[in-house]
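A.B. asks: So that you have it, the file is protein14.pdb, and it contains PDB, C-alpha atoms:
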ATOM      1  CA  MET B1062       1.788  20.240  56.408
ATOM      2  CA  ASP B1063       0.647  20.935  52.856
ATOM      3  CA  SER B1064      -1.236  17.881  51.582
ATOM      4  CA  THR B1065       0.788  17.614  48.369
ATOM      5  CA  ILE B1066       4.058  17.629  50.268
ATOM      6  CA  ALA B1067       2.815  15.138  52.852
ATOM      7  CA  THR B1068       1.126  12.682  50.490
ATOM      8  CA  ILE B1069       3.471  12.753  47.497
ATOM      9  CA  ALA B1070       6.752  14.610  47.996
ATOM     10  CA  LEU B1071       7.610  13.286  51.463
ATOM     11  CA  PRO B1072       7.074   9.548  50.787
ATOM     12  CA  ALA B1073       8.847   9.884  47.436
ATOM     13  CA  ALA B1074      11.803  11.660  49.022
ATOM     14  CA  LEU B1075      12.020   9.053  51.772
ATOM     15  CA  ALA B1076      11.958   6.283  49.159
ATOM     16  CA  VAL B1077      14.917   7.940  47.426
ATOM     17  CA  ILE B1078      16.797   8.110  50.729
ATOM     18  CA  MET B1079      16.176   4.429  51.472
ATOM     19  CA  LEU B1080      17.178   3.610  47.895
ATOM     20  CA  GLY B1081      20.457   5.406  48.576
ATOM     21  CA  LEU B1082      20.941   3.244  51.660
ATOM     22  CA  GLY B1083      20.432   0.158  49.510
ATOM     23  CA  LEU B1084      23.019   1.375  47.022
ATOM     24  CA  SER B1085      25.631   1.272  49.791
ATOM     25  CA  LEU B1086      24.761  -2.256  50.961
ATOM     26  CA  THR B1087      25.732  -5.744  49.873
ATOM     27  CA  VAL B1088      24.788  -9.199  51.113
ATOM     28  CA  GLY B1089      28.248  -9.294  52.679
ATOM     29  CA  ASP B1090      27.222  -6.517  55.060
ATOM     30  CA  PHE B1091      24.668  -8.844  56.609
ATOM     31  CA  VAL B1092      27.033 -11.828  56.583
ATOM     32  CA  ARG B1093      29.628  -9.732  58.409
ATOM     33  CA  LEU B1094      27.329  -9.520  61.436
ATOM     34  CA  THR B1095      27.831 -13.234  62.087
ATOM     35  CA  SER B1096      31.442 -12.581  63.081
ATOM     36  CA  MET B1097      30.408 -10.592  66.191
ATOM     37  CA  PRO B1098      27.012 -11.917  67.342
ATOM     38  CA  GLY B1099      27.433 -10.775  70.956
ATOM     39  CA  THR B1100      28.172  -7.168  69.986
ATOM     40  CA  VAL B1101      25.300  -7.094  67.506
ATOM     41  CA  ALA B1102      22.845  -8.541  70.031
ATOM     42  CA  LEU B1103      23.920  -5.992  72.652
ATOM     43  CA  ILE B1104      23.553  -3.016  70.302
ATOM     44  CA  LEU B1105      20.195  -4.186  68.985
ATOM     45  CA  GLY B1106      19.033  -4.795  72.548
ATOM     46  CA  CYS B1107      19.911  -1.224  73.464
ATOM     47  CA  GLN B1108      18.228   0.087  70.315
ATOM     48  CA  ILE B1109      15.033  -1.939  70.541
ATOM     49  CA  LEU B1110      14.484  -2.286  74.311
ATOM     50  CA  VAL B1111      16.603   0.083  76.382
ATOM     51  CA  LEU B1112      16.083   3.311  74.420
ATOM     52  CA  PRO B1113      12.255   3.088  74.349
ATOM     53  CA  LEU B1114      12.282   2.453  78.112
ATOM     54  CA  VAL B1115      14.559   5.446  78.716
ATOM     55  CA  CYS B1116      12.353   7.568  76.480
ATOM     56  CA  LEU B1117       9.213   6.384  78.279
ATOM     57  CA  ALA B1118      10.749   7.349  81.625
ATOM     58  CA  LEU B1119      11.514  10.845  80.290
ATOM     59  CA  VAL B1120       8.005  11.200  78.877
ATOM     60  CA  LEU B1121       6.442  10.208  82.188
ATOM     61  CA  LEU B1122       8.767  12.599  84.013
ATOM     62  CA  PHE B1123       8.144  15.630  81.773
ATOM     63  CA  ASP B1124       4.486  14.806  81.016
ATOM     64  CA  PRO B1125       4.215  16.560  77.605
ATOM     65  CA  PRO B1126       0.930  16.797  75.649
ATOM     66  CA  PRO B1127      -0.212  13.395  74.318
ATOM     67  CA  ALA B1128       0.774  13.980  70.676
ATOM     68  CA  LEU B1129       4.281  15.056  71.695
ATOM     69  CA  ALA B1130       4.560  12.006  73.960
ATOM     70  CA  VAL B1131       3.708   9.744  71.028
ATOM     71  CA  GLY B1132       6.202  11.670  68.879
ATOM     72  CA  MET B1133       8.924  10.994  71.441
ATOM     73  CA  MET B1134       8.197   7.263  71.435
ATOM     74  CA  LEU B1135       8.120   7.228  67.628
ATOM     75  CA  LEU B1136      11.545   8.863  67.684
ATOM     76  CA  ALA B1137      12.856   6.301  70.186
ATOM     77  CA  ALA B1138      11.603   3.459  67.998
ATOM     78  CA  SER B1139      13.250   4.750  64.830
ATOM     79  CA  PRO B1140      16.385   2.870  63.718
ATOM     80  CA  GLY B1141      19.857   4.292  63.299
ATOM     81  CA  GLY B1142      20.357   6.609  60.363
ATOM     82  CA  THR B1143      22.809   6.434  57.492
ATOM     83  CA  THR B1144      24.658   9.456  58.937
ATOM     84  CA  ALA B1145      25.984   7.140  61.657
ATOM     85  CA  SER B1146      28.444   5.609  59.202
ATOM     86  CA  LEU B1147      29.849   9.025  58.309
ATOM     87  CA  TYR B1148      30.338  10.028  61.940
ATOM     88  CA  SER B1149      31.815   6.640  62.733
ATOM     89  CA  TYR B1150      34.320   7.102  59.924
ATOM     90  CA  LEU B1151      35.265  10.603  61.125
ATOM     91  CA  PHE B1152      35.895   9.410  64.677
ATOM     92  CA  ARG B1153      37.639   6.091  63.879
ATOM     93  CA  GLY B1154      34.770   3.728  64.527
ATOM     94  CA  ASN B1155      34.085   0.390  62.882
ATOM     95  CA  VAL B1156      32.299   1.650  59.759
ATOM     96  CA  ALA B1157      31.601  -1.853  58.452
ATOM     97  CA  LEU B1158      29.715  -2.569  61.665
ATOM     98  CA  ASN B1159      27.683   0.630  61.195
ATOM     99  CA  ILE B1160      26.717  -0.300  57.663
ATOM    100  CA  SER B1161      25.698  -3.773  58.751
ATOM    101  CA  LEU B1162      23.740  -2.528  61.754
ATOM    102  CA  THR B1163      21.921   0.107  59.694
ATOM    103  CA  ALA B1164      20.825  -2.607  57.301
ATOM    104  CA  LEU B1165      19.652  -4.900  60.094
ATOM    105  CA  ASN B1166      17.977  -2.029  61.965
ATOM    106  CA  SER B1167      16.038  -1.084  58.852
ATOM    107  CA  LEU B1168      14.601  -4.593  58.760
ATOM    108  CA  THR B1169      13.791  -4.943  62.457
ATOM    109  CA  ALA B1170      12.165  -1.487  62.467
ATOM    110  CA  MET B1171       9.376  -2.849  60.274
ATOM    111  CA  VAL B1172       8.122  -4.707  63.347
ATOM    112  CA  THR B1173       9.374  -2.706  66.324
ATOM    113  CA  LEU B1174       8.544   0.802  65.099
ATOM    114  CA  PRO B1175       4.820   0.207  64.415
ATOM    115  CA  LEU B1176       4.499  -1.845  67.612
ATOM    116  CA  ILE B1177       6.074   0.748  69.914
ATOM    117  CA  THR B1178       4.214   3.613  68.251
ATOM    118  CA  ASN B1179       0.939   1.744  68.512
ATOM    119  CA  LEU B1180       1.471   1.098  72.215
ATOM    120  CA  ALA B1181       2.327   4.768  72.748
ATOM    121  CA  ILE B1182      -0.858   5.911  71.004
ATOM    122  CA  ALA B1183      -2.916   3.533  73.122
ATOM    123  CA  ARG B1184      -1.190   4.707  76.320
ATOM    124  CA  PHE B1185      -1.158   8.451  75.778
ATOM    125  CA  MET B1186      -4.065   9.085  73.405
ATOM    126  CA  GLY B1187      -6.387   6.118  73.777
ATOM    127  CA  ASP B1188      -6.942   6.316  70.015
ATOM    128  CA  GLY B1189      -8.234   3.246  68.226
ATOM    129  CA  ASP B1190      -6.840   4.431  64.879
ATOM    130  CA  THR B1191      -3.343   3.149  65.491
ATOM    131  CA  LEU B1192      -0.301   2.479  63.394
ATOM    132  CA  GLY B1193       0.839  -0.924  64.494
ATOM    133  CA  LEU B1194      -2.120  -3.290  64.361
ATOM    134  CA  GLN B1195      -3.559  -2.347  60.982
ATOM    135  CA  VAL B1196      -2.270  -4.581  58.229
ATOM    136  CA  GLY B1197      -2.477  -1.873  55.595
ATOM    137  CA  LYS B1198      -0.347   0.559  57.572
ATOM    138  CA  VAL B1199       2.233  -2.078  58.445
ATOM    139  CA  LEU B1200       2.511  -2.866  54.741
ATOM    140  CA  GLN B1201       3.039   0.839  54.016
ATOM    141  CA  VAL B1202       5.877   1.025  56.538
ATOM    142  CA  PHE B1203       7.254  -2.185  55.010
ATOM    143  CA  ALA B1204       7.143  -0.619  51.552
ATOM    144  CA  VAL B1205       8.742   2.640  52.690
ATOM    145  CA  ILE B1206      11.645   0.885  54.435
ATOM    146  CA  LEU B1207      12.381  -2.395  52.728
ATOM    147  CA  VAL B1208      11.378  -2.142  49.077
ATOM    148  CA  PRO B1209      13.641   0.834  48.177
ATOM    149  CA  VAL B1210      16.520  -0.744  50.123
ATOM    150  CA  ALA B1211      16.060  -4.007  48.251
ATOM    151  CA  VAL B1212      15.990  -2.185  44.908
ATOM    152  CA  GLY B1213      19.162  -0.297  45.829
ATOM    153  CA  MET B1214      20.920  -3.523  46.804
ATOM    154  CA  LEU B1215      19.846  -5.106  43.515
ATOM    155  CA  VAL B1216      21.273  -2.169  41.575
ATOM    156  CA  ARG B1217      24.506  -2.439  43.589
ATOM    157  CA  ALA B1218      24.747  -6.146  42.762
ATOM    158  CA  ARG B1219      24.035  -5.676  39.059
ATOM    159  CA  ALA B1220      25.762  -2.312  38.396
ATOM    160  CA  ASP B1221      28.365  -1.760  41.083
ATOM    161  CA  ALA B1222      30.144   1.157  39.403
ATOM    162  CA  PHE B1223      26.887   3.059  38.861
ATOM    163  CA  ALA B1224      25.787   2.422  42.453
ATOM    164  CA  ARG B1225      29.069   3.770  43.819
ATOM    165  CA  ARG B1226      28.764   6.914  41.673
ATOM    166  CA  MET B1227      25.253   7.525  42.953
ATOM    167  CA  GLU B1228      26.057   7.128  46.659
ATOM    168  CA  ARG B1229      27.400  10.641  47.179
ATOM    169  CA  PRO B1230      24.650  12.613  45.379
ATOM    170  CA  VAL B1231      21.970  10.556  47.097
ATOM    171  CA  LYS B1232      23.528  11.221  50.516
ATOM    172  CA  ILE B1233      23.640  14.949  49.765
ATOM    173  CA  ALA B1234      20.009  14.810  48.674
ATOM    174  CA  SER B1235      19.153  12.945  51.882
ATOM    175  CA  VAL B1236      20.578  15.709  54.062
ATOM    176  CA  ALA B1237      18.789  18.345  51.968
ATOM    177  CA  VAL B1238      15.501  16.463  52.273
ATOM    178  CA  LEU B1239      15.912  16.068  56.024
ATOM    179  CA  PHE B1240      16.433  19.774  56.622
ATOM    180  CA  GLY B1241      13.715  20.638  54.117
ATOM    181  CA  VAL B1242      11.179  18.460  55.893
ATOM    182  CA  ILE B1243      12.187  19.883  59.259
ATOM    183  CA  ALA B1244      11.893  23.454  57.945
ATOM    184  CA  VAL B1245       8.430  22.883  56.455
ATOM    185  CA  ALA B1246       7.171  21.071  59.563
ATOM    186  CA  LEU B1247       8.400  23.835  61.849
ATOM    187  CA  TYR B1248       6.997  26.543  59.561
ATOM    188  CA  GLN B1249       3.564  24.924  59.653
ATOM    189  CA  GLU B1250       3.640  25.113  63.454
ATOM    190  CA  LEU B1251       5.357  28.495  63.712
ATOM    191  CA  ASP B1252       2.788  29.880  66.144
ATOM    192  CA  ASN B1253       3.249  26.930  68.487
ATOM    193  CA  ILE B1254       6.995  26.364  68.119
ATOM    194  CA  GLY B1255       7.869  28.217  71.318
ATOM    195  CA  ASP B1256       5.532  26.030  73.348
ATOM    196  CA  TYR B1257       6.846  22.907  71.604
ATOM    197  CA  ILE B1258      10.464  23.757  72.409
ATOM    198  CA  VAL B1259       9.533  24.352  76.037
ATOM    199  CA  SER B1260       7.633  21.052  76.051
ATOM    200  CA  VAL B1261      10.215  18.831  74.362
ATOM    201  CA  GLY B1262      13.535  20.732  74.102
ATOM    202  CA  LEU B1263      15.108  19.538  77.338
ATOM    203  CA  MET B1264      13.484  16.128  77.048
ATOM    204  CA  VAL B1265      14.889  15.636  73.531
ATOM    205  CA  LEU B1266      18.340  16.803  74.635
ATOM    206  CA  LEU B1267      18.400  14.385  77.580
ATOM    207  CA  PHE B1268      17.217  11.529  75.365
ATOM    208  CA  ASN B1269      19.900  12.353  72.829
ATOM    209  CA  ILE B1270      22.629  12.406  75.476
ATOM    210  CA  ALA B1271      21.308   9.147  76.943
ATOM    211  CA  SER B1272      21.306   7.501  73.502
ATOM    212  CA  LEU B1273      24.910   8.470  72.800
ATOM    213  CA  THR B1274      26.056   7.516  76.310
ATOM    214  CA  ILE B1275      24.350   4.122  76.289
ATOM    215  CA  GLY B1276      25.567   3.500  72.769
ATOM    216  CA  TYR B1277      29.193   3.998  73.745
ATOM    217  CA  TRP B1278      29.429   2.669  77.288
ATOM    218  CA  ALA B1279      27.220  -0.445  77.086
ATOM    219  CA  PRO B1280      29.660  -2.181  74.708
ATOM    220  CA  ARG B1281      32.719  -0.818  76.553
ATOM    221  CA  VAL B1282      31.544  -2.141  79.931
ATOM    222  CA  LEU B1283      31.251  -5.607  78.383
ATOM    223  CA  GLY B1284      34.757  -5.408  76.919
ATOM    224  CA  THR B1285      33.990  -4.447  73.321
ATOM    225  CA  GLY B1286      36.783  -2.653  71.473
ATOM    226  CA  ARG B1287      36.783   1.134  71.097
ATOM    227  CA  PRO B1288      36.078   1.164  67.325
ATOM    228  CA  GLU B1289      33.018  -1.042  67.845
ATOM    229  CA  ALA B1290      31.879   1.126  70.782
ATOM    230  CA  ILE B1291      32.166   4.267  68.653
ATOM    231  CA  ALA B1292      30.160   2.561  65.902
ATOM    232  CA  SER B1293      27.519   1.616  68.462
ATOM    233  CA  CYS B1294      27.480   5.148  69.890
ATOM    234  CA  MET B1295      26.764   6.697  66.506
ATOM    235  CA  GLU B1296      24.314   3.990  65.443
ATOM    236  CA  ILE B1297      22.229   4.395  68.596
ATOM    237  CA  GLY B1298      22.659   8.158  68.968
ATOM    238  CA  LEU B1299      21.920   9.185  65.366
ATOM    239  CA  HIS B1300      18.342   8.126  64.731
ATOM    240  CA  ASN B1301      16.724   7.975  61.305
ATOM    241  CA  THR B1302      14.628  11.084  61.930
ATOM    242  CA  THR B1303      13.693  11.291  58.246
ATOM    243  CA  LEU B1304      11.793   8.027  58.664
ATOM    244  CA  SER B1305      10.059   9.082  61.890
ATOM    245  CA  LEU B1306       9.172  12.463  60.358
ATOM    246  CA  ALA B1307       7.679  10.763  57.307
ATOM    247  CA  ILE B1308       5.556   8.444  59.445
ATOM    248  CA  ALA B1309       4.385  11.308  61.670
ATOM    249  CA  LEU B1310       3.531  13.656  58.804
ATOM    250  CA  SER B1311       2.087  11.269  56.228
ATOM    251  CA  PRO B1312      -1.747  11.452  56.215
ATOM    252  CA  ALA B1313      -1.847   7.754  55.352
ATOM    253  CA  LEU B1314      -0.049   6.916  58.609
ATOM    254  CA  LEU B1315      -0.232   9.349  61.548
ATOM    255  CA  GLY B1316      -0.791  12.690  59.808
ATOM    256  CA  SER B1317       0.292  14.836  62.763
ATOM    257  CA  THR B1318       2.672  17.768  62.593
ATOM    258  CA  GLU B1319       2.746  17.878  66.384
ATOM    259  CA  MET B1320       3.994  14.284  66.566
ATOM    260  CA  ALA B1321       6.804  15.236  64.175
ATOM    261  CA  VAL B1322       8.175  17.973  66.441
ATOM    262  CA  PRO B1323      10.406  15.738  68.649
ATOM    263  CA  SER B1324      11.991  14.178  65.547
ATOM    264  CA  ALA B1325      12.480  17.606  63.970
ATOM    265  CA  VAL B1326      14.234  18.945  67.068
ATOM    266  CA  TYR B1327      16.304  15.767  67.476
ATOM    267  CA  GLY B1328      17.199  15.773  63.777
ATOM    268  CA  VAL B1329      18.962  19.120  64.135
ATOM    269  CA  LEU B1330      20.395  18.622  67.603
ATOM    270  CA  MET B1331      21.974  15.199  67.064
ATOM    271  CA  PHE B1332      24.533  16.430  64.530
ATOM    272  CA  PHE B1333      26.132  18.706  67.123
ATOM    273  CA  THR B1334      25.942  16.389  70.125
ATOM    274  CA  ALA B1335      27.278  13.440  68.099
ATOM    275  CA  ALA B1336      30.224  15.561  66.932
ATOM    276  CA  ALA B1337      30.972  16.652  70.498
ATOM    277  CA  THR B1338      30.732  13.040  71.709
ATOM    278  CA  GLY B1339      33.016  11.861  68.921
ATOM    279  CA  LEU B1340      35.628  14.428  69.888
ATOM    280  CA  LEU B1341      35.429  13.396  73.549
ATOM    281  CA  VAL B1342      35.811   9.653  72.969
ATOM    282  CA  THR B1343      38.533  10.155  70.360
ATOM    283  CA  ARG B1344      40.510  12.442  72.663
ATOM    284  CA  GLY B1345      40.067   9.949  75.495
ATOM    285  CA  GLY B1346      41.371   7.175  73.274
ATOM    286  CA  THR B1347      44.407   9.250  72.322
ATOM    287  CA  ARG B1348      45.269   9.823  75.981
ATOM    288  CA  GLU B1349      44.983   6.094  76.698
ATOM    289  CA  GLU B1350      47.262   5.199  73.804
ATOM    290  CA  ALA B1351      49.934   7.811  74.614
ATOM    291  CA  PRO B1352      51.621   5.975  77.550
ATOM    292  CA  ALA B1353      51.709   2.751  75.546
ATOM    293  CA  SER B1354      53.396   4.441  72.608
ATOM    294  CA  GLY B1355      55.840   6.101  75.014
ATOM    295  CA  ARG B1356      56.944   2.721  76.281
TER     296      ARG B1356
END
Re-express the file's structure as structure tokens.
C.D. replies:
Amino acid sequence: MDSTIATIALPAALAVIMLGLGLSLTVGDFVRLTSMPGTVALILGCQILVLPLVCLALVLLFDPPPALAVGMMLLAASPGGTTASLYSYLFRGNVALNISLTALNSLTAMVTLPLITNLAIARFMGDGDTLGLQVGKVLQVFAVILVPVAVGMLVRARADAFARRMERPVKIASVAVLFGVIAVALYQELDNIGDYIVSVGLMVLLFNIASLTIGYWAPRVLGTGRPEAIASCMEIGLHNTTLSLAIALSPALLGSTEMAVPSAVYGVLMFFTAAATGLLVTRGGTREEAPASGR
């Protein structure tokens, strides 16, 4: 990727996106999590432990090139994205839970994302220049994730009306940035894109389906309500691919276009699979409610 884009434009754009997330958050969003500790612990457990293990199994099964394997694990370690709240709203999920989980995920990712990525680099590349154990790089990830969110929350607390007005344009800009980054990353690797799709296309699709399935059914099996299960499904299935792309592409962190490919493919694919999943679970819920309403 062009050095100017990677070193200046991409981190700046990601900071704006995380600032937009902060504009939508309040301290009450974190407090709200205390009302359903079991559900939160289950969803975070799936996000932090189960998904990386599922992804690792797929990587070992498909045996992609080392950089793509690391890119898959980076994707698996990325937290839920802000789009999860929108999809949850469209398909009658618990949006408040999504907002709260996105906030908490953004904080936990400061530790889990560098750690998992570092382990993946050591396992698949044997490279000593890793992401997770270098203090400077951890601080960069910290700055990219937490500082803009904190600033956004401060603006929301001090100027609520302004923050609410800015939410929509920032979300639109976030989507534009995501597709722009994906387009540039894919263009830079145009000659190799066919091989990349062959290498990761099916693997990414299976991981996406697994994420959405685990996200919905893990809470349902344990008796969680449908709205909370839908929120979990979208939170776990819609990863923050903008963050994983930024980490993969930034020369100060990983600086690898190849590692960004799984996130780029997932970032496009997840919008369609999440919509299809939302339609399925909503239709299933309607069928379940019909006999009750008939009585």
A.B. asks: Tell me, in Å to one decimal, how far CA of Thr1303 in chain B is from CA of Val1111 in chain B.
C.D. replies: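 Between CA of Thr1303 in chain B and CA of Val1111 in chain B the gap works out to 21.5 Å.
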A.B. asks: Against range 1098-1107 of chain B, which residues of range 1266-1333 of chain B fall within 9 Å? For each one I want the closest pair of atoms and the distance in Å (one decimal), counting only C-alpha atoms, rows by chain and increasing residue number, as JSON lines.
C.D. replies:
{"residue": "B:Ser1272", "atom": "CA", "partner": "B:Cys1107", "partner_atom": "CA", "distance": 8.8}
{"residue": "B:Ile1275", "atom": "CA", "partner": "B:Cys1107", "partner_atom": "CA", "distance": 7.5}
{"residue": "B:Gly1276", "atom": "CA", "partner": "B:Ile1104", "partner_atom": "CA", "distance": 7.3}
{"residue": "B:Ala1279", "atom": "CA", "partner": "B:Leu1103", "partner_atom": "CA", "distance": 7.8}
{"residue": "B:Pro1280", "atom": "CA", "partner": "B:Thr1100", "partner_atom": "CA", "distance": 7.0}
{"residue": "B:Thr1285", "atom": "CA", "partner": "B:Thr1100", "partner_atom": "CA", "distance": 7.2}
{"residue": "B:Glu1289", "atom": "CA", "partner": "B:Thr1100", "partner_atom": "CA", "distance": 8.1}
{"residue": "B:Ser1293", "atom": "CA", "partner": "B:Ile1104", "partner_atom": "CA", "distance": 6.4}
{"residue": "B:Glu1296", "atom": "CA", "partner": "B:Ile1104", "partner_atom": "CA", "distance": 8.6}
{"residue": "B:Ile1297", "atom": "CA", "partner": "B:Ile1104", "partner_atom": "CA", "distance": 7.7}
A.B. asks: For range 1096-1112 of chain B, what centre and edge lengths in Å (one decimal) does the axis-aligned box get once 3 Å is added on each side of all its listed atoms, as lines of an AutoDock Vina configuration file?
C.D. replies:
center_x = 23.0
center_y = -4.6
center_z = 69.7
size_x = 23.0
size_y = 21.9
size_z = 19.3
A.B. asks: Please compute the CA of Asn1155 in chain B-CA of Gly1286 in chain B distance, one decimal, in Å.
C.D. replies: 9.5 Å
A.B. asks: Using Å and a single decimal, report how far CA of Thr1318 in chain B sits from CA of Thr1163 in chain B.
C.D. replies: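 So the answer is 26.3 Å.
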A.B. asks: When you count all atoms listed in the file, which of these residues is closest to Leu1117 in chain B: B:Arg1281, B:Arg1184, B:Arg1219, B:Arg1344?
C.D. replies: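 Answer, going by the shortest atom-to-atom distance: B:Arg1184.
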A.B. asks: Fewer than 4 positions away in the same chain doesn't count, so skip those; otherwise give me all residues within 8 Å of range 1221-1229 of chain B, counting only C-alpha atoms, as a list in words.
C.D. replies: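 Neighbouring residues, sequence-local ones excluded: Gly1081, Leu1084, Ser1085, Gly1213, Val1216, Arg1217 and Ile1233 of chain B.
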A.B. asks: I need the residue set behind the PyMOL selection byres ((chain B and resi 1143) around 12) for this file; please write it as a VMD selection string.
C.D. replies: chain B and resid 1078 to 1086 1140 to 1142 1144 to 1150 1156 1159 to 1164 1166 to 1167 1228 1231 to 1233 1235 to 1236 1239 1292 1295 to 1304
A.B. asks: Could you check which of B:Val1077, B:Ile1270, B:Ala1137, B:Leu1283 is closest to Pro1175 in chain B, using all atoms listed in the file?
C.D. replies: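 Smallest distance to Pro1175 in chain B is found for B:Ala1137.
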A.B. asks: Might you pull out every residue within 9 Å of Phe1123 in chain B, with all atoms listed in the file counted and same-chain residues fewer than 2 positions away left off, and present them as a short mmCIF file (atom, residue, chain, number, x, y, z; two decimals) with C-alpha atoms, in the coordinates of the input?
C.D. replies:
data_model
loop_
_atom_site.label_atom_id
_atom_site.label_comp_id
_atom_site.auth_asym_id
_atom_site.auth_seq_id
_atom_site.Cartn_x
_atom_site.Cartn_y
_atom_site.Cartn_z
CA ALA B 1118 10.75 7.35 81.62
CA LEU B 1119 11.51 10.84 80.29
CA VAL B 1120 8.01 11.20 78.88
CA LEU B 1121 6.44 10.21 82.19
CA PRO B 1125 4.22 16.56 77.60
CA SER B 1260 7.63 21.05 76.05
CA VAL B 1261 10.22 18.83 74.36
CA MET B 1264 13.48 16.13 77.05
#
A.B. asks: Choose the residue, out of B:Trp1278, B:Phe1152, B:Phe1185, B:Tyr1248, that has the smallest atom-to-atom separation from Ala1336 in chain B; count all atoms listed in the file.
C.D. replies: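 Going through B:Trp1278, B:Phe1152, B:Phe1185, B:Tyr1248 one by one, the smallest distance to Ala1336 in chain B is for B:Phe1152.
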A.B. asks: Let me know the residues the PyMOL selection byres ((chain B and resi 1127) around 6) catches in the file above, as a list in words.
C.D. replies: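 Evaluating the PyMOL selection byres ((chain B and resi 1127) around 6) on these coordinates yields Pro1126, Ala1128, Leu1129, Ala1130, Phe1185 and Met1186 of chain B.
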A.B. asks: Can those selected residues be exported to a file as a short mmCIF file (atom, residue, chain, number, x, y, z; two decimals), keeping the file's coordinate frame so that it contains C-alpha atoms?
C.D. replies:
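In the end it all went to out35.cif:
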data_model
loop_
_atom_site.label_atom_id
_atom_site.label_comp_id
_atom_site.auth_asym_id
_atom_site.auth_seq_id
_atom_site.Cartn_x
_atom_site.Cartn_y
_atom_site.Cartn_z
CA PRO B 1126 0.93 16.80 75.65
CA ALA B 1128 0.77 13.98 70.68
CA LEU B 1129 4.28 15.06 71.69
CA ALA B 1130 4.56 12.01 73.96
CA PHE B 1185 -1.16 8.45 75.78
CA MET B 1186 -4.07 9.09 73.40
#
A.B. asks: Nearest to Leu1158 in chain B: which of B:Leu1122, B:Ala1290, B:Leu1340, B:Leu1215 is it, counting all atoms listed in the file?
C.D. replies: B:Ala1290
A.B. asks: Of the candidates B:Ser1139, B:Ser1096, B:Thr1343, B:Thr1338, which one gets nearest to Cys1294 in chain B if we count only C-alpha atoms?
C.D. replies: B:Thr1338
A.B. asks: Nearest residue to Ala1271 in chain B out of B:Ala1138, B:Val1115, B:Ala1335, B:Val1208, using all atoms listed in the file?
C.D. replies: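 Of all the options, B:Val1115 lies closest to Ala1271 in chain B.
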